[in-house]
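Reproduced below: input.cif, with mmCIF, C-alpha atoms and all ligand atoms.
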data_run
loop_
_atom_site.label_atom_id
_atom_site.label_comp_id
_atom_site.auth_asym_id
_atom_site.auth_seq_id
_atom_site.Cartn_x
_atom_site.Cartn_y
_atom_site.Cartn_z
CA MET A 1 18.29 34.20 52.82
CA ARG A 2 17.56 31.73 55.61
CA ILE A 3 20.26 31.53 58.28
CA ILE A 4 20.60 28.57 60.62
CA ILE A 5 23.21 28.91 63.33
CA GLY A 6 24.28 25.68 64.98
CA LYS A 7 26.32 25.38 68.15
CA ASP A 8 29.16 23.63 66.37
CA TYR A 9 30.36 21.92 63.20
CA ALA A 10 28.75 18.59 64.14
CA GLU A 11 25.34 20.24 64.48
CA ILE A 12 25.44 22.05 61.13
CA SER A 13 26.67 18.88 59.42
CA LYS A 14 23.69 16.93 60.81
CA LYS A 15 21.19 19.60 59.79
CA ALA A 16 22.69 19.80 56.29
CA ALA A 17 22.42 16.01 55.98
CA LEU A 18 18.75 16.17 56.98
CA ILE A 19 18.12 18.74 54.23
CA VAL A 20 19.93 16.68 51.58
CA ALA A 21 18.23 13.47 52.70
CA ALA A 22 14.81 15.15 52.65
CA GLN A 23 15.50 16.25 49.07
CA VAL A 24 16.33 12.67 48.07
CA VAL A 25 13.27 11.28 49.88
CA LEU A 26 10.98 13.84 48.23
CA LYS A 27 12.44 13.29 44.78
CA PRO A 28 14.45 10.04 44.55
CA ASP A 29 15.72 10.93 41.05
CA CYS A 30 16.82 14.43 42.06
CA VAL A 31 19.96 16.20 40.86
CA LEU A 32 22.40 17.22 43.59
CA GLY A 33 25.20 19.74 43.13
CA LEU A 34 28.07 18.76 45.40
CA ALA A 35 31.08 20.54 46.87
CA THR A 36 34.52 19.57 48.12
CA GLY A 37 36.81 21.10 50.76
CA SER A 38 36.95 20.17 54.42
CA THR A 39 33.60 21.76 55.31
CA PRO A 40 31.21 19.25 53.66
CA LEU A 41 33.08 16.24 55.11
CA GLY A 42 30.79 16.10 58.17
CA LEU A 43 27.73 16.27 55.91
CA TYR A 44 29.04 13.39 53.80
CA ARG A 45 29.78 11.30 56.90
CA GLU A 46 26.20 11.87 58.11
CA LEU A 47 24.76 10.92 54.71
CA ILE A 48 26.79 7.70 54.69
CA ALA A 49 25.49 6.89 58.19
CA MET A 50 21.90 7.56 57.08
CA TYR A 51 22.41 5.33 54.04
CA GLU A 52 23.84 2.55 56.24
CA ARG A 53 20.79 2.80 58.50
CA GLY A 54 18.58 2.35 55.42
CA GLU A 55 17.12 5.84 55.70
CA VAL A 56 18.07 7.13 52.28
CA ASP A 57 18.47 5.55 48.86
CA PHE A 58 20.84 7.21 46.36
CA SER A 59 20.32 4.75 43.51
CA LYS A 60 18.43 7.20 41.30
CA VAL A 61 20.26 10.38 42.32
CA THR A 62 22.37 12.29 39.79
CA THR A 63 25.28 14.45 40.98
CA PHE A 64 27.32 17.27 39.51
CA ASN A 65 30.34 18.54 41.37
CA LEU A 66 31.12 22.21 41.40
CA ASP A 67 34.73 22.15 40.36
CA GLU A 68 38.03 20.37 39.78
CA TYR A 69 41.65 21.44 39.65
CA TYR A 70 43.25 21.79 36.22
CA PRO A 71 45.29 20.02 35.18
CA ILE A 72 44.99 17.05 37.51
CA MET A 73 44.58 13.31 36.99
CA PRO A 74 41.33 11.89 38.42
CA ASP A 75 43.28 9.40 40.53
CA HIS A 76 45.55 12.07 42.05
CA PRO A 77 44.90 11.95 45.82
CA GLN A 78 44.19 15.69 45.85
CA SER A 79 41.84 15.70 42.89
CA TYR A 80 38.23 16.45 43.72
CA HIS A 81 37.34 13.31 41.78
CA TYR A 82 39.36 11.21 44.23
CA PHE A 83 37.99 13.20 47.20
CA MET A 84 34.37 12.54 46.25
CA TYR A 85 34.85 8.80 45.77
CA GLN A 86 36.83 8.48 49.01
CA ASN A 87 34.51 10.56 51.13
CA LEU A 88 31.09 9.78 49.69
CA PHE A 89 30.54 7.84 46.48
CA ASN A 90 32.40 4.66 47.50
CA HIS A 91 30.17 4.36 50.57
CA ILE A 92 26.66 4.83 49.17
CA ASN A 93 24.57 3.09 46.50
CA ILE A 94 24.92 5.78 43.85
CA ASP A 95 25.00 4.69 40.20
CA PRO A 96 28.49 5.57 38.82
CA ASN A 97 26.85 6.59 35.52
CA ARG A 98 24.99 9.33 37.32
CA ILE A 99 28.13 10.89 38.88
CA HIS A 100 29.61 13.93 37.14
CA LEU A 101 32.74 15.93 37.85
CA PRO A 102 34.56 18.29 35.51
CA ASN A 103 37.42 16.41 33.85
CA GLY A 104 40.67 17.92 35.11
CA MET A 105 42.56 16.50 32.11
CA ALA A 106 40.13 17.67 29.42
CA ASP A 107 41.58 18.93 26.18
CA PRO A 108 40.16 21.02 24.60
CA VAL A 109 38.95 22.53 27.82
CA GLU A 110 36.27 24.70 26.14
CA GLU A 111 34.53 21.57 24.91
CA GLU A 112 34.53 20.06 28.41
CA CYS A 113 32.95 23.22 29.84
CA ASN A 114 30.21 23.31 27.20
CA ASN A 115 29.60 19.62 27.65
CA TYR A 116 29.27 20.00 31.43
CA GLU A 117 26.66 22.73 31.02
CA ARG A 118 24.79 20.60 28.50
CA LEU A 119 24.77 17.57 30.82
CA ILE A 120 23.37 19.65 33.70
CA ALA A 121 20.63 21.01 31.44
CA GLU A 122 19.80 17.54 30.09
CA ALA A 123 19.52 16.21 33.64
CA GLY A 124 16.83 18.85 34.25
CA GLY A 125 18.96 21.32 36.23
CA ILE A 126 20.19 21.10 39.81
CA ASP A 127 17.54 20.63 42.50
CA LEU A 128 19.80 21.22 45.48
CA GLN A 129 23.29 22.70 45.38
CA VAL A 130 25.64 22.25 48.35
CA LEU A 131 28.28 24.96 48.76
CA GLY A 132 31.24 25.71 50.99
CA ILE A 133 32.91 29.11 50.89
CA GLY A 134 36.49 30.30 50.48
CA VAL A 135 37.96 32.84 52.91
CA ASN A 136 37.81 35.40 50.10
CA GLY A 137 34.15 34.67 49.37
CA HIS A 138 34.78 32.33 46.45
CA ILE A 139 32.19 29.66 45.74
CA GLY A 140 33.18 26.70 43.65
CA PHE A 141 36.30 28.26 42.23
CA ASN A 142 34.64 31.53 41.23
CA GLU A 143 37.31 33.86 42.55
CA PRO A 144 36.82 37.58 43.34
CA ASN A 145 37.41 39.46 40.10
CA PRO A 146 36.23 42.58 38.28
CA GLY A 147 33.95 40.29 36.26
CA LEU A 148 32.58 36.78 36.80
CA SER A 149 31.86 34.11 34.20
CA SER A 150 28.34 32.83 34.22
CA ARG A 151 28.98 29.37 32.77
CA THR A 152 31.40 26.52 33.53
CA HIS A 153 34.89 27.79 32.69
CA LEU A 154 38.62 27.55 33.33
CA VAL A 155 39.79 29.94 36.04
CA ASP A 156 43.16 31.14 37.35
CA LEU A 157 43.32 30.53 41.08
CA LYS A 158 44.15 33.45 43.36
CA GLN A 159 47.36 33.31 45.37
CA GLU A 160 45.34 33.22 48.64
CA THR A 161 43.36 30.20 47.40
CA ILE A 162 46.52 28.37 46.32
CA LYS A 163 47.95 29.08 49.76
CA ALA A 164 44.77 28.05 51.63
CA ASN A 165 44.48 24.82 49.63
CA SER A 166 48.21 23.98 49.88
CA ARG A 167 47.50 22.34 53.25
CA PHE A 168 46.27 19.31 51.34
CA PHE A 169 49.34 19.06 49.07
CA GLN A 170 53.01 18.29 49.85
CA SER A 171 53.92 21.89 49.05
CA GLU A 172 52.41 25.09 47.67
CA ALA A 173 54.29 24.54 44.41
CA GLU A 174 52.25 21.38 43.80
CA VAL A 175 48.86 23.10 43.88
CA PRO A 176 47.52 23.43 40.32
CA ARG A 177 47.29 27.10 39.27
CA GLN A 178 44.00 26.68 37.45
CA ALA A 179 40.66 24.97 37.93
CA LEU A 180 37.43 24.18 36.12
CA THR A 181 34.39 25.50 37.89
CA MET A 182 30.67 25.89 37.38
CA GLY A 183 30.01 29.56 36.76
CA MET A 184 27.99 31.84 39.01
CA GLY A 185 25.07 31.51 36.59
CA THR A 186 25.28 27.70 36.74
CA ILE A 187 25.19 27.83 40.55
CA LEU A 188 22.41 30.41 40.77
CA LYS A 189 20.21 28.35 38.45
CA ALA A 190 20.00 25.62 41.13
CA ARG A 191 16.50 25.53 42.58
CA ARG A 192 17.74 25.42 46.18
CA ILE A 193 21.13 26.20 47.65
CA ILE A 194 22.64 25.38 51.03
CA LEU A 195 25.96 26.86 52.05
CA LEU A 196 27.94 25.52 54.99
CA ALA A 197 30.58 27.51 56.84
CA SER A 198 32.50 26.72 59.98
CA GLY A 199 35.20 28.52 61.96
CA ASN A 200 36.52 32.06 62.50
CA SER A 201 38.35 32.19 59.20
CA LYS A 202 34.99 32.28 57.37
CA ALA A 203 33.31 34.96 59.52
CA GLU A 204 34.32 37.92 57.35
CA ALA A 205 33.27 36.17 54.14
CA ILE A 206 29.92 35.26 55.73
CA LYS A 207 29.34 38.84 56.79
CA LYS A 208 29.95 40.02 53.22
CA THR A 209 27.75 37.21 51.86
CA VAL A 210 24.81 38.27 54.01
CA GLN A 211 25.21 41.99 54.52
CA GLY A 212 27.69 43.19 51.91
CA MET A 213 27.06 44.78 48.55
CA VAL A 214 26.40 42.37 45.73
CA THR A 215 29.75 42.54 43.99
CA THR A 216 31.94 40.34 41.83
CA GLU A 217 34.70 41.08 44.35
CA CYS A 218 32.80 38.76 46.72
CA PRO A 219 31.20 36.07 44.54
CA SER A 220 29.15 34.63 47.43
CA SER A 221 27.31 37.98 47.75
CA PHE A 222 25.38 36.96 44.60
CA LEU A 223 23.54 34.43 46.74
CA GLN A 224 21.51 37.40 48.02
CA THR A 225 19.81 37.45 44.62
CA HIS A 226 18.64 33.81 44.83
CA PRO A 227 15.15 33.03 46.16
CA ASP A 228 16.00 29.88 48.14
CA VAL A 229 19.34 29.96 49.93
CA THR A 230 19.99 28.55 53.40
CA LEU A 231 23.23 29.25 55.25
CA LEU A 232 24.23 26.70 57.87
CA LEU A 233 26.77 28.34 60.15
CA ASP A 234 28.50 27.40 63.34
CA GLN A 235 28.83 30.13 65.97
CA GLU A 236 32.33 31.14 64.88
CA ALA A 237 31.38 31.56 61.23
CA ALA A 238 28.32 33.58 62.31
CA ALA A 239 30.28 35.74 64.77
CA LEU A 240 30.21 38.95 62.71
CA LEU A 241 26.51 38.88 61.80
C1 LIG B 301 37.97 25.08 47.68
C2 LIG B 301 36.73 24.65 46.91
C3 LIG B 301 35.48 25.36 47.41
C4 LIG B 301 35.43 25.30 48.93
C5 LIG B 301 36.64 26.01 49.50
C6 LIG B 301 36.65 26.06 51.01
O1 LIG B 301 38.57 26.20 47.17
N1 LIG B 301 36.86 24.90 45.52
O2 LIG B 301 34.34 24.73 46.84
O3 LIG B 301 34.24 25.90 49.38
O4 LIG B 301 37.78 25.29 49.06
O5 LIG B 301 37.22 24.91 51.54
P1 LIG B 301 37.16 24.46 53.05
O6 LIG B 301 35.79 23.95 53.26
O7 LIG B 301 38.20 23.41 53.17
O8 LIG B 301 37.45 25.68 53.87
#

Mind converting the file's structure to structure tokens?
Ligand code: GLP
Amino acid sequence: MRIIIGKDYAEISKKAALIVAAQVVLKPDCVLGLATGSTPLGLYRELIAMYERGEVDFSKVTTFNLDEYYPIMPDHPQSYHYFMYQNLFNHINIDPNRIHLPNGMADPVEEECNNYERLIAEAGGIDLQVLGIGVNGHIGFNEPNPGLSSRTHLVDLKQETIKANSRFFQSEAEVPRQALTMGMGTILKARRIILLASGNSKAEAIKKTVQGMVTTECPSSFLQTHPDVTLLLDQEAAALL
């Protein structure tokens, strides 16, 4: 695992953007795995700025997002679909046909999960996966559990995740109780992974990710088994290393 510690959030966002942009420059038709949450916002702002300066062309890039609440309408302001268009896709020259997010209204849900896996495989697999991390070590919405699903699946959210994510909703009651997420196997099949973490609240999860036992009780610990993972941490997130 490669660990890059930046002095603050702005610095890690810039470095992450350089890595993503380099991937797109090297392979213009690459497949990016993208994440939501507040952490990648700085990265997306940097990518938009690079695009506006003519430094990077997204026209041939394909994207797959990690996860989506379930059930949720795509135009719901808290859906990850809405988030991605607002914070990235509406501002760059990506082809809408190459954008993929799990459908938060899919029924039957099994079919949607199988379809998502198939689409990733048909696109040639993910070249670079961007990750954030939950305070409990979840990645995507793979929550700590006695067992983890390998493939894209429907998951029950943990109370602590519902609480943590309620800051974006009017109330905790409004947070969907389930989500669709790529599985740990889907994520670990990506050829390269970068994980961004910022702030004190992530320090414990980062310590377990890097130094803890590989256990389904901390899904991010499985990143230790991947050959090309880079953590981009600010000083607070790296404080316990
Ligand atoms: C959600 C997302 C994760 C994200 C996590 C952390 O639960 N499903 O992909 O990593 O939130 O979010 P934040 O970056 O806002 O702390």

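With distances taken from (13.4, 12.4, 50.7) and restricted to only C-alpha atoms, the residues inside 12 Å are Ala17, Leu18, Ile19, Val20, Ala21, Ala22, Gln23, Val24, Val25, Leu26, Lys27, Pro28, Asp29, Cys30, Met50, Tyr51, Glu55, Val56, Asp57, Phe58, Lys60 and Val61 of chain A.
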
Can you list, as a ChimeraX atom specification, every protein, DNA or RNA residue that comes within 8 Å of Val229 of chain A when you count all atoms listed in the file, leaving out same-chain residues fewer than 6 positions away? /A:1-2,192-195,223

Using all atoms listed in the file, which residues sit within 7 Å of Pro102 of chain A once same-chain residues fewer than 2 positions away are excluded, as a count of residues only? 6

Can you pull out the residues contacting Glu11 of chain A? Cut-off 12 Å, using only C-alpha atoms, and skip same-chain residues under 6 positions away; I want them as a VMD selection string. chain A and resid 4 to 5 17 to 18 42 to 43 46 196 to 198 232 to 235

What's the 12 Å shell around segment 75-81 of chain A, counting only C-alpha atoms, without same-chain residues fewer than 6 positions away, as a ChimeraX atom specification? /A:34-38,64-69,87-90,99-105,140,165-171,174-176,179-181

Give the answer as one residue: which of A:Lys208, A:His226, A:His138, A:Lys163 has the shortest atom-to-atom distance to ligand LIG 301 (chain B), using all atoms listed in the file? A:His138

Excluding Thr209 of chain A and residues on its chain fewer than 5 positions from it, collect all residues at most 10 Å away from it, counting all atoms listed in the file, and give them as an NGL selection string. :A and (1 or 133 or 137 or 203-204 or 214-215 or 218-224 or 231)

With all atoms listed in the file as the atoms that count, which of A:Ile94, A:Leu154, A:Leu41, A:Val109 lies nearest to ligand LIG 301 (chain B)?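 Residue with the minimum atom-to-atom distance to ligand LIG 301 (chain B): A:Leu41.
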
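Put simply, atom CA of Leu32 of chain A is 17.9 Å away from atom C1 of ligand LIG 301 (chain B).
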
Distance criterion (all atoms listed in the file): nearest to Met73 of chain A out of A:Ala164, A:Ala49, A:Ala106, A:Gln129: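 Of the candidates, the smallest distance to Met73 of chain A is held by A:Ala106.
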
Would you mind reading off the distance between atom CA of Thr62 of chain A and atom O7 of ligand LIG 301 (chain B), one decimal, in Å? 23.5 Å

Please indicate the distance in Å from atom CA of Thr39 of chain A to atom P1 of ligand LIG 301 (chain B), rounded to one decimal place.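 Atom CA of Thr39 of chain A sits 5.0 Å away from atom P1 of ligand LIG 301 (chain B).
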
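With distances restricted to all atoms listed in the file, A:Val135 is the closest residue to ligand LIG 301 (chain B) from A:Thr152, A:Met184, A:Gly212, A:Val135.
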
Selecting N, CA and C atoms, how would segment 158-183 of chain A from this structure be written as a compact mmCIF listing (two decimals), in the first residue's frame?
# COMPACT_ATOMS: atom_id res chain seq x y z
N LYS A 158 -26.00 0.15 8.13
CA LYS A 158 -25.83 0.13 9.58
C LYS A 158 -26.38 1.42 10.16
N GLN A 159 -26.82 1.32 11.42
CA GLN A 159 -27.36 2.50 12.10
C GLN A 159 -26.35 3.66 12.07
N GLU A 160 -25.05 3.34 12.29
CA GLU A 160 -24.05 4.43 12.34
C GLU A 160 -23.89 5.11 10.97
N THR A 161 -24.11 4.34 9.90
CA THR A 161 -24.01 4.93 8.55
C THR A 161 -25.23 5.81 8.28
N ILE A 162 -26.41 5.31 8.69
CA ILE A 162 -27.64 6.10 8.51
C ILE A 162 -27.49 7.43 9.26
N LYS A 163 -26.93 7.33 10.46
CA LYS A 163 -26.75 8.54 11.28
C LYS A 163 -25.72 9.46 10.61
N ALA A 164 -24.58 8.91 10.22
CA ALA A 164 -23.52 9.75 9.61
C ALA A 164 -24.05 10.42 8.34
N ASN A 165 -24.84 9.71 7.54
CA ASN A 165 -25.30 10.26 6.27
C ASN A 165 -26.56 11.12 6.41
N SER A 166 -27.14 11.13 7.63
CA SER A 166 -28.37 11.92 7.82
C SER A 166 -28.09 13.41 7.71
N ARG A 167 -26.82 13.81 7.81
CA ARG A 167 -26.51 15.23 7.71
C ARG A 167 -26.89 15.82 6.35
N PHE A 168 -27.05 14.97 5.37
CA PHE A 168 -27.42 15.45 4.04
C PHE A 168 -28.94 15.46 3.82
N PHE A 169 -29.68 14.81 4.71
CA PHE A 169 -31.15 14.72 4.57
C PHE A 169 -31.81 15.66 5.57
N GLN A 170 -33.13 15.85 5.42
CA GLN A 170 -33.87 16.71 6.36
C GLN A 170 -33.85 16.10 7.75
N SER A 171 -33.96 14.76 7.81
CA SER A 171 -33.97 14.08 9.10
C SER A 171 -33.44 12.66 8.91
N GLU A 172 -33.10 12.03 10.04
CA GLU A 172 -32.56 10.66 9.97
C GLU A 172 -33.59 9.70 9.38
N ALA A 173 -34.87 9.98 9.68
CA ALA A 173 -35.95 9.10 9.21
C ALA A 173 -36.00 9.03 7.68
N GLU A 174 -35.52 10.08 7.03
CA GLU A 174 -35.57 10.14 5.56
C GLU A 174 -34.48 9.35 4.86
N VAL A 175 -33.45 8.96 5.61
CA VAL A 175 -32.32 8.24 4.96
C VAL A 175 -32.80 6.84 4.58
N PRO A 176 -32.64 6.46 3.31
CA PRO A 176 -33.04 5.09 2.94
C PRO A 176 -32.29 4.07 3.79
N ARG A 177 -32.94 2.97 4.11
CA ARG A 177 -32.35 1.95 4.99
C ARG A 177 -31.51 0.95 4.23
N GLN A 178 -31.56 1.01 2.91
CA GLN A 178 -30.81 0.05 2.10
C GLN A 178 -30.06 0.79 0.98
N ALA A 179 -29.15 0.06 0.37
CA ALA A 179 -28.39 0.64 -0.75
C ALA A 179 -27.94 -0.48 -1.68
N LEU A 180 -27.67 -0.09 -2.92
CA LEU A 180 -27.01 -1.00 -3.87
C LEU A 180 -25.54 -0.64 -3.88
N THR A 181 -24.69 -1.62 -3.81
CA THR A 181 -23.27 -1.32 -3.83
C THR A 181 -22.49 -2.36 -4.62
N MET A 182 -21.43 -1.92 -5.27
CA MET A 182 -20.46 -2.88 -5.81
C MET A 182 -20.01 -3.73 -4.62
N GLY A 183 -19.69 -4.98 -4.88
CA GLY A 183 -19.19 -5.83 -3.80
C GLY A 183 -17.69 -5.63 -3.60
